[in-house]
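Here's query-v4.pdb, which has PDB, C-alpha atoms, pLDDT in the B column:
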ATOM      1  CA  GLY M   4     -46.929 -30.383 -17.263  1.00 53.00           C
ATOM      2  CA  GLU M   5     -47.675 -26.916 -18.488  1.00 62.00           C
ATOM      3  CA  ASP M   6     -44.985 -25.300 -20.583  1.00 85.00           C
ATOM      4  CA  VAL M   7     -44.731 -22.543 -23.152  1.00 91.00           C
ATOM      5  CA  GLU M   8     -41.629 -22.322 -25.320  1.00 92.00           C
ATOM      6  CA  GLN M   9     -40.403 -19.626 -27.664  1.00 93.00           C
ATOM      7  CA  SER M  10     -37.077 -18.590 -29.134  1.00 89.00           C
ATOM      8  CA  LEU M  11     -35.228 -15.870 -27.232  1.00 90.00           C
ATOM      9  CA  PHE M  12     -34.114 -13.484 -29.981  1.00 95.00           C
ATOM     10  CA  LEU M  13     -35.237 -12.248 -33.393  1.00 97.00           C
ATOM     11  CA  SER M  14     -33.619  -9.550 -35.494  1.00 97.00           C
ATOM     12  CA  VAL M  15     -35.305  -7.972 -38.537  1.00 97.00           C
ATOM     13  CA  ARG M  16     -34.833  -4.922 -40.742  1.00 97.00           C
ATOM     14  CA  GLU M  17     -37.274  -2.032 -40.555  1.00 97.00           C
ATOM     15  CA  GLY M  18     -40.090  -2.566 -43.040  1.00 97.00           C
ATOM     16  CA  ASP M  19     -39.745  -6.356 -43.092  1.00 97.00           C
ATOM     17  CA  SER M  20     -42.232  -8.750 -41.484  1.00 97.00           C
ATOM     18  CA  SER M  21     -41.431 -10.332 -38.134  1.00 97.00           C
ATOM     19  CA  VAL M  22     -42.688 -13.774 -37.180  1.00 97.00           C
ATOM     20  CA  ILE M  23     -42.450 -14.890 -33.574  1.00 97.00           C
ATOM     21  CA  ASN M  24     -43.235 -18.538 -32.860  1.00 97.00           C
ATOM     22  CA  CYS M  25     -44.423 -20.314 -29.741  1.00 96.00           C
ATOM     23  CA  THR M  26     -45.322 -23.854 -28.746  1.00 95.00           C
ATOM     24  CA  TYR M  27     -47.463 -24.763 -25.776  1.00 91.00           C
ATOM     25  CA  THR M  28     -48.320 -28.038 -24.087  1.00 87.00           C
ATOM     26  CA  ASP M  29     -51.747 -27.653 -22.482  1.00 81.00           C
ATOM     27  CA  SER M  30     -54.519 -28.073 -25.042  1.00 78.00           C
ATOM     28  CA  SER M  31     -57.173 -27.124 -22.477  1.00 79.00           C
ATOM     29  CA  SER M  32     -56.406 -23.424 -22.790  1.00 76.00           C
ATOM     30  CA  THR M  33     -59.382 -21.626 -24.263  1.00 80.00           C
ATOM     31  CA  TYR M  34     -57.472 -18.422 -24.912  1.00 89.00           C
ATOM     32  CA  LEU M  35     -53.892 -17.833 -25.975  1.00 92.00           C
ATOM     33  CA  TYR M  36     -52.255 -14.469 -25.630  1.00 95.00           C
ATOM     34  CA  TRP M  37     -49.422 -12.303 -26.874  1.00 97.00           C
ATOM     35  CA  TYR M  38     -48.068  -9.710 -24.467  1.00 97.00           C
ATOM     36  CA  LYS M  39     -45.540  -6.965 -25.255  1.00 97.00           C
ATOM     37  CA  GLN M  40     -42.976  -5.589 -22.814  1.00 96.00           C
ATOM     38  CA  GLU M  41     -41.206  -2.359 -23.645  1.00 94.00           C
ATOM     39  CA  PRO M  42     -37.925  -1.472 -21.894  1.00 90.00           C
ATOM     40  CA  GLY M  43     -38.360  -0.683 -18.221  1.00 89.00           C
ATOM     41  CA  ALA M  44     -42.081  -1.399 -18.214  1.00 92.00           C
ATOM     42  CA  GLY M  45     -44.529  -4.115 -17.305  1.00 93.00           C
ATOM     43  CA  LEU M  46     -46.236  -6.412 -19.805  1.00 95.00           C
ATOM     44  CA  GLN M  47     -49.237  -5.227 -21.793  1.00 96.00           C
ATOM     45  CA  LEU M  48     -51.663  -7.408 -23.705  1.00 96.00           C
ATOM     46  CA  LEU M  49     -51.051  -7.057 -27.435  1.00 96.00           C
ATOM     47  CA  THR M  50     -53.605  -9.481 -28.804  1.00 96.00           C
ATOM     48  CA  TYR M  51     -55.248 -12.824 -28.074  1.00 94.00           C
ATOM     49  CA  ILE M  52     -56.937 -15.645 -29.960  1.00 93.00           C
ATOM     50  CA  PHE M  53     -59.810 -17.906 -28.967  1.00 89.00           C
ATOM     51  CA  SER M  54     -58.912 -21.574 -29.300  1.00 85.00           C
ATOM     52  CA  ASN M  55     -61.611 -22.339 -31.896  1.00 85.00           C
ATOM     53  CA  MET M  56     -60.053 -19.843 -34.317  1.00 87.00           C
ATOM     54  CA  ASP M  57     -57.219 -20.493 -36.760  1.00 91.00           C
ATOM     55  CA  MET M  58     -56.332 -16.889 -37.440  1.00 95.00           C
ATOM     56  CA  LYS M  59     -56.939 -13.435 -36.092  1.00 95.00           C
ATOM     57  CA  GLN M  60     -55.907 -10.214 -37.803  1.00 95.00           C
ATOM     58  CA  ASP M  61     -55.649  -6.832 -36.116  1.00 92.00           C
ATOM     59  CA  GLN M  62     -54.097  -4.078 -38.240  1.00 95.00           C
ATOM     60  CA  ARG M  63     -50.390  -5.027 -38.644  1.00 96.00           C
ATOM     61  CA  LEU M  64     -50.726  -8.076 -36.377  1.00 97.00           C
ATOM     62  CA  THR M  65     -51.697 -11.571 -37.512  1.00 97.00           C
ATOM     63  CA  VAL M  66     -52.015 -14.440 -35.056  1.00 97.00           C
ATOM     64  CA  LEU M  67     -52.029 -18.000 -36.382  1.00 97.00           C
ATOM     65  CA  LEU M  68     -53.046 -20.973 -34.247  1.00 95.00           C
ATOM     66  CA  ASN M  69     -52.396 -24.615 -35.116  1.00 93.00           C
ATOM     67  CA  LYS M  70     -54.150 -26.570 -32.379  1.00 90.00           C
ATOM     68  CA  LYS M  71     -53.053 -29.945 -33.690  1.00 90.00           C
ATOM     69  CA  ASP M  72     -49.375 -29.016 -33.341  1.00 92.00           C
ATOM     70  CA  LYS M  73     -49.976 -26.675 -30.373  1.00 92.00           C
ATOM     71  CA  HIS M  74     -48.209 -23.909 -32.250  1.00 94.00           C
ATOM     72  CA  LEU M  75     -48.963 -20.206 -32.052  1.00 95.00           C
ATOM     73  CA  SER M  76     -47.337 -17.453 -34.086  1.00 97.00           C
ATOM     74  CA  LEU M  77     -47.419 -13.669 -34.178  1.00 98.00           C
ATOM     75  CA  ARG M  78     -46.676 -11.876 -37.426  1.00 98.00           C
ATOM     76  CA  ILE M  79     -45.945  -8.155 -37.408  1.00 98.00           C
ATOM     77  CA  ALA M  80     -46.169  -6.613 -40.851  1.00 98.00           C
ATOM     78  CA  ASP M  81     -44.022  -3.609 -41.829  1.00 97.00           C
ATOM     79  CA  THR M  82     -42.004  -3.824 -38.607  1.00 98.00           C
ATOM     80  CA  GLN M  83     -41.003  -0.460 -37.170  1.00 97.00           C
ATOM     81  CA  THR M  84     -38.261   0.503 -34.705  1.00 95.00           C
ATOM     82  CA  GLY M  85     -41.022   1.136 -32.170  1.00 94.00           C
ATOM     83  CA  ASP M  86     -41.843  -2.570 -32.304  1.00 96.00           C
ATOM     84  CA  SER M  87     -38.529  -3.367 -30.603  1.00 96.00           C
ATOM     85  CA  ALA M  88     -39.577  -5.068 -27.365  1.00 96.00           C
ATOM     86  CA  ILE M  89     -39.923  -8.456 -25.717  1.00 96.00           C
ATOM     87  CA  TYR M  90     -42.951 -10.481 -26.836  1.00 97.00           C
ATOM     88  CA  PHE M  91     -44.419 -13.134 -24.546  1.00 96.00           C
ATOM     89  CA  CYS M  92     -46.659 -15.981 -25.575  1.00 95.00           C
ATOM     90  CA  ALA M  93     -49.041 -17.118 -22.811  1.00 93.00           C
ATOM     91  CA  GLU M  94     -51.869 -19.526 -22.074  1.00 90.00           C
ATOM     92  CA  SER M  95     -54.365 -19.976 -19.225  1.00 84.00           C
ATOM     93  CA  PRO M  96     -54.990 -23.716 -18.766  1.00 81.00           C
ATOM     94  CA  LEU M  97     -58.529 -24.632 -17.706  1.00 75.00           C
ATOM     95  CA  ASN M  98     -57.223 -26.924 -14.953  1.00 73.00           C
ATOM     96  CA  THR M  99     -56.042 -23.819 -13.100  1.00 70.00           C
ATOM     97  CA  GLY M 100     -59.559 -22.437 -13.080  1.00 67.00           C
ATOM     98  CA  GLY M 101     -58.391 -19.836 -15.543  1.00 68.00           C
ATOM     99  CA  PHE M 102     -56.609 -17.913 -12.821  1.00 74.00           C
ATOM    100  CA  LYS M 103     -53.058 -18.917 -13.631  1.00 82.00           C
ATOM    101  CA  THR M 104     -51.353 -17.800 -16.811  1.00 88.00           C
ATOM    102  CA  ILE M 105     -48.286 -19.633 -18.067  1.00 89.00           C
ATOM    103  CA  PHE M 106     -45.828 -17.361 -19.860  1.00 92.00           C
ATOM    104  CA  GLY M 107     -43.054 -18.260 -22.233  1.00 92.00           C
ATOM    105  CA  ALA M 108     -39.545 -16.893 -21.681  1.00 92.00           C
ATOM    106  CA  GLY M 109     -40.149 -14.049 -24.144  1.00 94.00           C
ATOM    107  CA  THR M 110     -38.702 -13.284 -27.576  1.00 96.00           C
ATOM    108  CA  ARG M 111     -36.615 -10.124 -27.756  1.00 96.00           C
ATOM    109  CA  LEU M 112     -37.256  -8.439 -31.110  1.00 97.00           C
ATOM    110  CA  PHE M 113     -34.510  -6.187 -32.465  1.00 97.00           C
ATOM    111  CA  VAL M 114     -35.476  -3.919 -35.362  1.00 97.00           C
ATOM    112  CA  LYS M 115     -32.578  -2.538 -37.402  1.00 94.00           C
ATOM    113  CA  ALA M 116     -33.072   0.767 -39.169  1.00 90.00           C
TER
ATOM    114  CA  ASN A   7     -57.136   5.694 -13.339  1.00 75.00           C
ATOM    115  CA  ALA A   8     -53.614   4.736 -12.267  1.00 84.00           C
ATOM    116  CA  GLY A   9     -54.070   1.033 -13.084  1.00 95.00           C
ATOM    117  CA  VAL A  10     -51.593  -1.097 -11.126  1.00 97.00           C
ATOM    118  CA  THR A  11     -49.042   0.719  -8.994  1.00 97.00           C
ATOM    119  CA  GLN A  12     -46.010  -0.752  -7.263  1.00 97.00           C
ATOM    120  CA  THR A  13     -43.624   0.625  -4.668  1.00 97.00           C
ATOM    121  CA  PRO A  14     -40.713   0.905  -4.477  1.00 97.00           C
ATOM    122  CA  LYS A  15     -39.363   1.061  -8.039  1.00 96.00           C
ATOM    123  CA  PHE A  16     -35.830   0.094  -6.988  1.00 96.00           C
ATOM    124  CA  GLN A  17     -34.420  -1.514  -3.849  1.00 96.00           C
ATOM    125  CA  VAL A  18     -31.033  -2.801  -2.726  1.00 97.00           C
ATOM    126  CA  LEU A  19     -30.936  -5.164   0.249  1.00 97.00           C
ATOM    127  CA  LYS A  20     -28.225  -6.998   2.107  1.00 97.00           C
ATOM    128  CA  THR A  21     -28.514 -10.743   2.581  1.00 98.00           C
ATOM    129  CA  GLY A  22     -30.813 -11.485   5.515  1.00 97.00           C
ATOM    130  CA  GLN A  23     -32.716  -8.199   5.443  1.00 97.00           C
ATOM    131  CA  SER A  24     -36.475  -8.181   5.081  1.00 97.00           C
ATOM    132  CA  MET A  25     -38.765  -5.991   3.044  1.00 96.00           C
ATOM    133  CA  THR A  26     -42.299  -5.739   1.713  1.00 98.00           C
ATOM    134  CA  LEU A  27     -43.210  -4.894  -1.867  1.00 98.00           C
ATOM    135  CA  GLN A  28     -46.490  -3.035  -2.155  1.00 97.00           C
ATOM    136  CA  CYS A  29     -49.033  -3.312  -4.955  1.00 98.00           C
ATOM    137  CA  ALA A  30     -52.392  -1.629  -5.466  1.00 98.00           C
ATOM    138  CA  GLN A  31     -54.941  -1.633  -8.290  1.00 98.00           C
ATOM    139  CA  ASP A  32     -57.872   0.674  -8.921  1.00 96.00           C
ATOM    140  CA  MET A  33     -59.728  -1.425 -11.512  1.00 96.00           C
ATOM    141  CA  ASN A  34     -61.890  -3.324  -8.997  1.00 95.00           C
ATOM    142  CA  HIS A  35     -60.314  -6.610 -10.094  1.00 94.00           C
ATOM    143  CA  ASN A  36     -60.834  -9.701  -7.997  1.00 92.00           C
ATOM    144  CA  SER A  37     -57.585 -11.488  -8.893  1.00 93.00           C
ATOM    145  CA  MET A  38     -54.050 -10.325  -8.188  1.00 96.00           C
ATOM    146  CA  TYR A  39     -50.639 -11.883  -8.847  1.00 96.00           C
ATOM    147  CA  TRP A  40     -46.966 -11.591  -8.038  1.00 98.00           C
ATOM    148  CA  TYR A  41     -44.369 -12.636 -10.627  1.00 97.00           C
ATOM    149  CA  ARG A  42     -40.615 -12.505 -10.848  1.00 97.00           C
ATOM    150  CA  GLN A  43     -38.795 -11.973 -14.123  1.00 95.00           C
ATOM    151  CA  ASP A  44     -35.300 -13.326 -14.659  1.00 92.00           C
ATOM    152  CA  PRO A  45     -33.283 -13.239 -17.905  1.00 82.00           C
ATOM    153  CA  GLY A  46     -34.054 -16.195 -20.163  1.00 78.00           C
ATOM    154  CA  MET A  47     -36.704 -17.530 -17.795  1.00 81.00           C
ATOM    155  CA  GLY A  48     -39.635 -15.290 -18.531  1.00 84.00           C
ATOM    156  CA  LEU A  49     -42.225 -14.647 -15.854  1.00 91.00           C
ATOM    157  CA  ARG A  50     -42.648 -17.076 -13.012  1.00 93.00           C
ATOM    158  CA  LEU A  51     -45.651 -16.924 -10.702  1.00 94.00           C
ATOM    159  CA  ILE A  52     -44.774 -16.561  -7.025  1.00 96.00           C
ATOM    160  CA  TYR A  53     -48.228 -16.271  -5.426  1.00 96.00           C
ATOM    161  CA  TYR A  54     -51.674 -15.312  -6.543  1.00 94.00           C
ATOM    162  CA  SER A  55     -54.956 -14.308  -4.981  1.00 94.00           C
ATOM    163  CA  ALA A  56     -58.009 -15.416  -6.924  1.00 90.00           C
ATOM    164  CA  SER A  57     -60.237 -13.197  -4.793  1.00 90.00           C
ATOM    165  CA  GLU A  58     -60.128 -11.139  -1.615  1.00 91.00           C
ATOM    166  CA  GLY A  59     -59.433 -13.391   1.348  1.00 90.00           C
ATOM    167  CA  THR A  60     -57.655 -16.152  -0.603  1.00 92.00           C
ATOM    168  CA  THR A  61     -54.034 -16.686  -1.558  1.00 95.00           C
ATOM    169  CA  ASP A  62     -52.350 -19.611  -3.289  1.00 93.00           C
ATOM    170  CA  LYS A  63     -48.824 -20.651  -4.113  1.00 94.00           C
ATOM    171  CA  GLY A  64     -47.535 -20.344  -7.627  1.00 92.00           C
ATOM    172  CA  GLU A  65     -44.503 -21.895  -9.252  1.00 90.00           C
ATOM    173  CA  VAL A  66     -41.769 -20.389  -7.016  1.00 95.00           C
ATOM    174  CA  PRO A  67     -43.205 -19.482  -3.559  1.00 97.00           C
ATOM    175  CA  ASN A  68     -40.235 -20.432  -1.362  1.00 96.00           C
ATOM    176  CA  GLY A  69     -38.774 -17.481   0.535  1.00 96.00           C
ATOM    177  CA  TYR A  70     -41.858 -15.297   0.048  1.00 98.00           C
ATOM    178  CA  ASN A  71     -45.110 -14.537   1.831  1.00 97.00           C
ATOM    179  CA  VAL A  72     -48.102 -12.543   0.662  1.00 98.00           C
ATOM    180  CA  SER A  73     -51.004 -10.650   2.152  1.00 97.00           C
ATOM    181  CA  ARG A  74     -54.215  -9.692   0.374  1.00 96.00           C
ATOM    182  CA  LEU A  75     -54.930  -6.721   2.554  1.00 89.00           C
ATOM    183  CA  ASN A  76     -58.212  -5.833   0.822  1.00 95.00           C
ATOM    184  CA  LYS A  77     -59.568  -5.981  -2.700  1.00 96.00           C
ATOM    185  CA  ARG A  78     -57.183  -3.264  -3.899  1.00 97.00           C
ATOM    186  CA  GLU A  79     -53.909  -4.254  -2.249  1.00 97.00           C
ATOM    187  CA  PHE A  80     -51.657  -7.318  -2.455  1.00 98.00           C
ATOM    188  CA  SER A  81     -48.234  -7.214  -0.803  1.00 98.00           C
ATOM    189  CA  LEU A  82     -45.211  -9.493  -1.164  1.00 98.00           C
ATOM    190  CA  ARG A  83     -42.821  -9.978   1.741  1.00 98.00           C
ATOM    191  CA  LEU A  84     -39.260 -11.275   1.732  1.00 97.00           C
ATOM    192  CA  GLU A  85     -38.512 -12.312   5.314  1.00 93.00           C
ATOM    193  CA  SER A  86     -34.784 -12.982   4.873  1.00 96.00           C
ATOM    194  CA  ALA A  87     -33.520 -11.864   1.491  1.00 97.00           C
ATOM    195  CA  ALA A  88     -31.033 -14.009  -0.438  1.00 97.00           C
ATOM    196  CA  PRO A  89     -28.955 -13.164  -3.546  1.00 97.00           C
ATOM    197  CA  SER A  90     -31.079 -15.680  -5.509  1.00 96.00           C
ATOM    198  CA  GLN A  91     -34.018 -13.310  -5.000  1.00 97.00           C
ATOM    199  CA  THR A  92     -32.329 -10.601  -7.077  1.00 97.00           C
ATOM    200  CA  SER A  93     -34.903 -10.066  -9.811  1.00 97.00           C
ATOM    201  CA  VAL A  94     -37.543  -7.787 -11.232  1.00 96.00           C
ATOM    202  CA  TYR A  95     -40.877  -8.247  -9.476  1.00 98.00           C
ATOM    203  CA  PHE A  96     -44.173  -7.547 -11.182  1.00 97.00           C
ATOM    204  CA  CYS A  97     -47.605  -7.304  -9.678  1.00 98.00           C
ATOM    205  CA  ALA A  98     -50.637  -7.853 -11.898  1.00 97.00           C
ATOM    206  CA  SER A  99     -54.392  -7.873 -11.572  1.00 96.00           C
ATOM    207  CA  SER A 100     -57.220  -9.323 -13.637  1.00 93.00           C
ATOM    208  CA  GLU A 101     -60.908 -10.085 -13.748  1.00 91.00           C
ATOM    209  CA  PRO A 102     -61.181 -13.596 -15.276  1.00 85.00           C
ATOM    210  CA  SER A 103     -64.374 -14.064 -17.267  1.00 82.00           C
ATOM    211  CA  GLY A 104     -66.034 -16.772 -19.311  1.00 68.00           C
ATOM    212  CA  GLY A 105     -67.299 -19.233 -16.742  1.00 58.00           C
ATOM    213  CA  ALA A 106     -67.276 -22.951 -17.468  1.00 53.00           C
ATOM    214  CA  GLY A 107     -66.679 -22.346 -21.172  1.00 53.00           C
ATOM    215  CA  GLY A 108     -63.190 -21.141 -20.575  1.00 62.00           C
ATOM    216  CA  SER A 109     -61.712 -18.172 -18.904  1.00 77.00           C
ATOM    217  CA  TYR A 110     -60.491 -15.024 -20.582  1.00 86.00           C
ATOM    218  CA  ASN A 111     -57.890 -13.634 -18.260  1.00 89.00           C
ATOM    219  CA  GLU A 112     -56.182 -10.475 -19.492  1.00 92.00           C
ATOM    220  CA  GLN A 113     -53.718  -9.390 -16.862  1.00 94.00           C
ATOM    221  CA  PHE A 114     -52.752  -5.784 -16.178  1.00 96.00           C
ATOM    222  CA  PHE A 115     -49.217  -5.271 -14.964  1.00 97.00           C
ATOM    223  CA  GLY A 116     -47.525  -2.708 -12.772  1.00 97.00           C
ATOM    224  CA  PRO A 117     -44.205  -1.098 -13.785  1.00 95.00           C
ATOM    225  CA  GLY A 118     -42.119  -3.489 -11.665  1.00 96.00           C
ATOM    226  CA  THR A 119     -39.709  -3.345  -8.737  1.00 97.00           C
ATOM    227  CA  ARG A 120     -36.035  -3.946  -9.442  1.00 96.00           C
ATOM    228  CA  LEU A 121     -34.560  -5.697  -6.414  1.00 97.00           C
ATOM    229  CA  THR A 122     -30.886  -6.412  -5.839  1.00 97.00           C
ATOM    230  CA  VAL A 123     -29.766  -8.538  -2.894  1.00 97.00           C
ATOM    231  CA  LEU A 124     -26.063  -8.259  -2.077  1.00 96.00           C
TER
END
How does this structure look as structure tokens?
Amino acid sequence: GEDVEQSLFLSVREGDSSVINCTYTDSSSTYLYWYKQEPGAGLQLLTYIFSNMDMKQDQRLTVLLNKKDKHLSLRIADTQTGDSAIYFCAESPLNTGGFKTIFGAGTRLFVKA
Amino acid sequence: NAGVTQTPKFQVLKTGQSMTLQCAQDMNHNSMYWYRQDPGMGLRLIYYSASEGTTDKGEVPNGYNVSRLNKREFSLRLESAAPSQTSVYFCASSEPSGGAGGSYNEQFFGPGTRLTVL
């Protein structure tokens, strides 16, 4: 079945890089996503990657995709206290018509000053 | 544009009471969704509406009903609330695109409703 797994917590020091990892099961997903949830708010799309790409860079964010291992990662360079949030990995399997998005449990990132 | 709005923001119910969570979007999106968020379990899809006039069950539909009132509004009803329905509820909307080649489906979320059932 469809499943997205990620670790629940990550703690880093301000200025260090953060790497959040995710594994997914459905290889039919054309797009894979990273959403960010700040305290008391809804989720907001942070970045996404098309499945025929290995890497996507967007300012401090780098997304790496290993389709063979069904592994997705999000690297945040020079992590700031404002990056403290919950980060969700997500996929939209084609067999759902693209309407359903499967979310991981979320990784809570703590940034220590 | 307000994006996705939800009411109420907070609600406390007693077991057996009923209530309706309201959601509206002003982005002219065809698809709308209701999720619940529980600690350690991420987001779980309750119901979704791919387009006006259609609704489908998600992963955890038991105990809930939905109504797609029009293109803008999608409500979630708890007929007889139970403590297991204590959660944070999020409404989202999207406009999937990409056709047969694969669907890009960025979802836009409301701020959530924090529901406690005693």
Name the residues that the PyMOL selection byres ((chain A and resi 25-42) around 7) picks from the file above, as a PyMOL selection string, using the file's chain letters and numbers.
chain A and resi 7-14+23-24+43-44+49-58+77-85+93-101
Those residues with C-alpha atoms, as a PDB file, keeping the file's coordinate frame please?
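Okay, this is what ended up in out-v3.pdb:
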ATOM      1  CA  ASN A   7     -57.136   5.694 -13.339  1.00 75.00           C
ATOM      2  CA  ALA A   8     -53.614   4.736 -12.267  1.00 84.00           C
ATOM      3  CA  GLY A   9     -54.070   1.033 -13.084  1.00 95.00           C
ATOM      4  CA  VAL A  10     -51.593  -1.097 -11.126  1.00 97.00           C
ATOM      5  CA  THR A  11     -49.042   0.719  -8.994  1.00 97.00           C
ATOM      6  CA  GLN A  12     -46.010  -0.752  -7.263  1.00 97.00           C
ATOM      7  CA  THR A  13     -43.624   0.625  -4.668  1.00 97.00           C
ATOM      8  CA  PRO A  14     -40.713   0.905  -4.477  1.00 97.00           C
ATOM      9  CA  GLN A  23     -32.716  -8.199   5.443  1.00 97.00           C
ATOM     10  CA  SER A  24     -36.475  -8.181   5.081  1.00 97.00           C
ATOM     11  CA  GLN A  43     -38.795 -11.973 -14.123  1.00 95.00           C
ATOM     12  CA  ASP A  44     -35.300 -13.326 -14.659  1.00 92.00           C
ATOM     13  CA  LEU A  49     -42.225 -14.647 -15.854  1.00 91.00           C
ATOM     14  CA  ARG A  50     -42.648 -17.076 -13.012  1.00 93.00           C
ATOM     15  CA  LEU A  51     -45.651 -16.924 -10.702  1.00 94.00           C
ATOM     16  CA  ILE A  52     -44.774 -16.561  -7.025  1.00 96.00           C
ATOM     17  CA  TYR A  53     -48.228 -16.271  -5.426  1.00 96.00           C
ATOM     18  CA  TYR A  54     -51.674 -15.312  -6.543  1.00 94.00           C
ATOM     19  CA  SER A  55     -54.956 -14.308  -4.981  1.00 94.00           C
ATOM     20  CA  ALA A  56     -58.009 -15.416  -6.924  1.00 90.00           C
ATOM     21  CA  SER A  57     -60.237 -13.197  -4.793  1.00 90.00           C
ATOM     22  CA  GLU A  58     -60.128 -11.139  -1.615  1.00 91.00           C
ATOM     23  CA  LYS A  77     -59.568  -5.981  -2.700  1.00 96.00           C
ATOM     24  CA  ARG A  78     -57.183  -3.264  -3.899  1.00 97.00           C
ATOM     25  CA  GLU A  79     -53.909  -4.254  -2.249  1.00 97.00           C
ATOM     26  CA  PHE A  80     -51.657  -7.318  -2.455  1.00 98.00           C
ATOM     27  CA  SER A  81     -48.234  -7.214  -0.803  1.00 98.00           C
ATOM     28  CA  LEU A  82     -45.211  -9.493  -1.164  1.00 98.00           C
ATOM     29  CA  ARG A  83     -42.821  -9.978   1.741  1.00 98.00           C
ATOM     30  CA  LEU A  84     -39.260 -11.275   1.732  1.00 97.00           C
ATOM     31  CA  GLU A  85     -38.512 -12.312   5.314  1.00 93.00           C
ATOM     32  CA  SER A  93     -34.903 -10.066  -9.811  1.00 97.00           C
ATOM     33  CA  VAL A  94     -37.543  -7.787 -11.232  1.00 96.00           C
ATOM     34  CA  TYR A  95     -40.877  -8.247  -9.476  1.00 98.00           C
ATOM     35  CA  PHE A  96     -44.173  -7.547 -11.182  1.00 97.00           C
ATOM     36  CA  CYS A  97     -47.605  -7.304  -9.678  1.00 98.00           C
ATOM     37  CA  ALA A  98     -50.637  -7.853 -11.898  1.00 97.00           C
ATOM     38  CA  SER A  99     -54.392  -7.873 -11.572  1.00 96.00           C
ATOM     39  CA  SER A 100     -57.220  -9.323 -13.637  1.00 93.00           C
ATOM     40  CA  GLU A 101     -60.908 -10.085 -13.748  1.00 91.00           C
TER      41      GLU A 101
END
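Distance-wise, CA of Ser54 (chain M) and CA of Gln9 (chain M) end up 18.7 Å apart.
Applied to the file shown here, the PyMOL selection byres ((chain M) within 6 of (chain A)) selects the residues Thr33, Ala44, Gly45, Leu46, Gly101, Gly107, Ala108 and Gly109 of chain M.
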What would the file look like if the residues just selected were written as a compact mmCIF listing (two decimals), in the coordinates of the input with C-alpha atoms?
# COMPACT_ATOMS: atom_id res chain seq x y z
CA THR M 33 -59.38 -21.63 -24.26
CA ALA M 44 -42.08 -1.40 -18.21
CA GLY M 45 -44.53 -4.12 -17.30
CA LEU M 46 -46.24 -6.41 -19.80
CA GLY M 101 -58.39 -19.84 -15.54
CA GLY M 107 -43.05 -18.26 -22.23
CA ALA M 108 -39.54 -16.89 -21.68
CA GLY M 109 -40.15 -14.05 -24.14
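Note that CA of Leu112 (chain M) and CA of Asp29 (chain M) are 25.6 Å apart.
Nearest residue to Ala87 (chain A), choosing from A:Asp62, A:Thr21, A:Pro67, A:Leu124 and counting all atoms listed in the file: A:Thr21.
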Box dimensions and centre (Å, one decimal) enclosing region 66-76 of chain M, axis-aligned, 3 Å extra per side, as lines of an AutoDock Vina configuration file:
center_x = -50.7
center_y = -22.2
center_z = -33.4
size_x = 12.8
size_y = 21.5
size_z = 12.0
Tyr51 (chain M) surroundings by all atoms listed in the file, 12 Å radius, close-in-sequence under 6 positions cut, as a PyMOL selection string:
(chain M and resi 32-39+57-61+64-68+75-77+91-95) or (chain A and resi 110-113)
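Atom to atom, CA of Thr26 (chain M) and CA of Gly85 (chain M) stand 25.6 Å apart.
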At a cut-off of 8 Å, using all atoms listed in the file, what residues contact Ser14 (chain M)? Leave out same-chain residues fewer than 5 positions from it and give the result as a ChimeraX atom specification.
/M:112-115
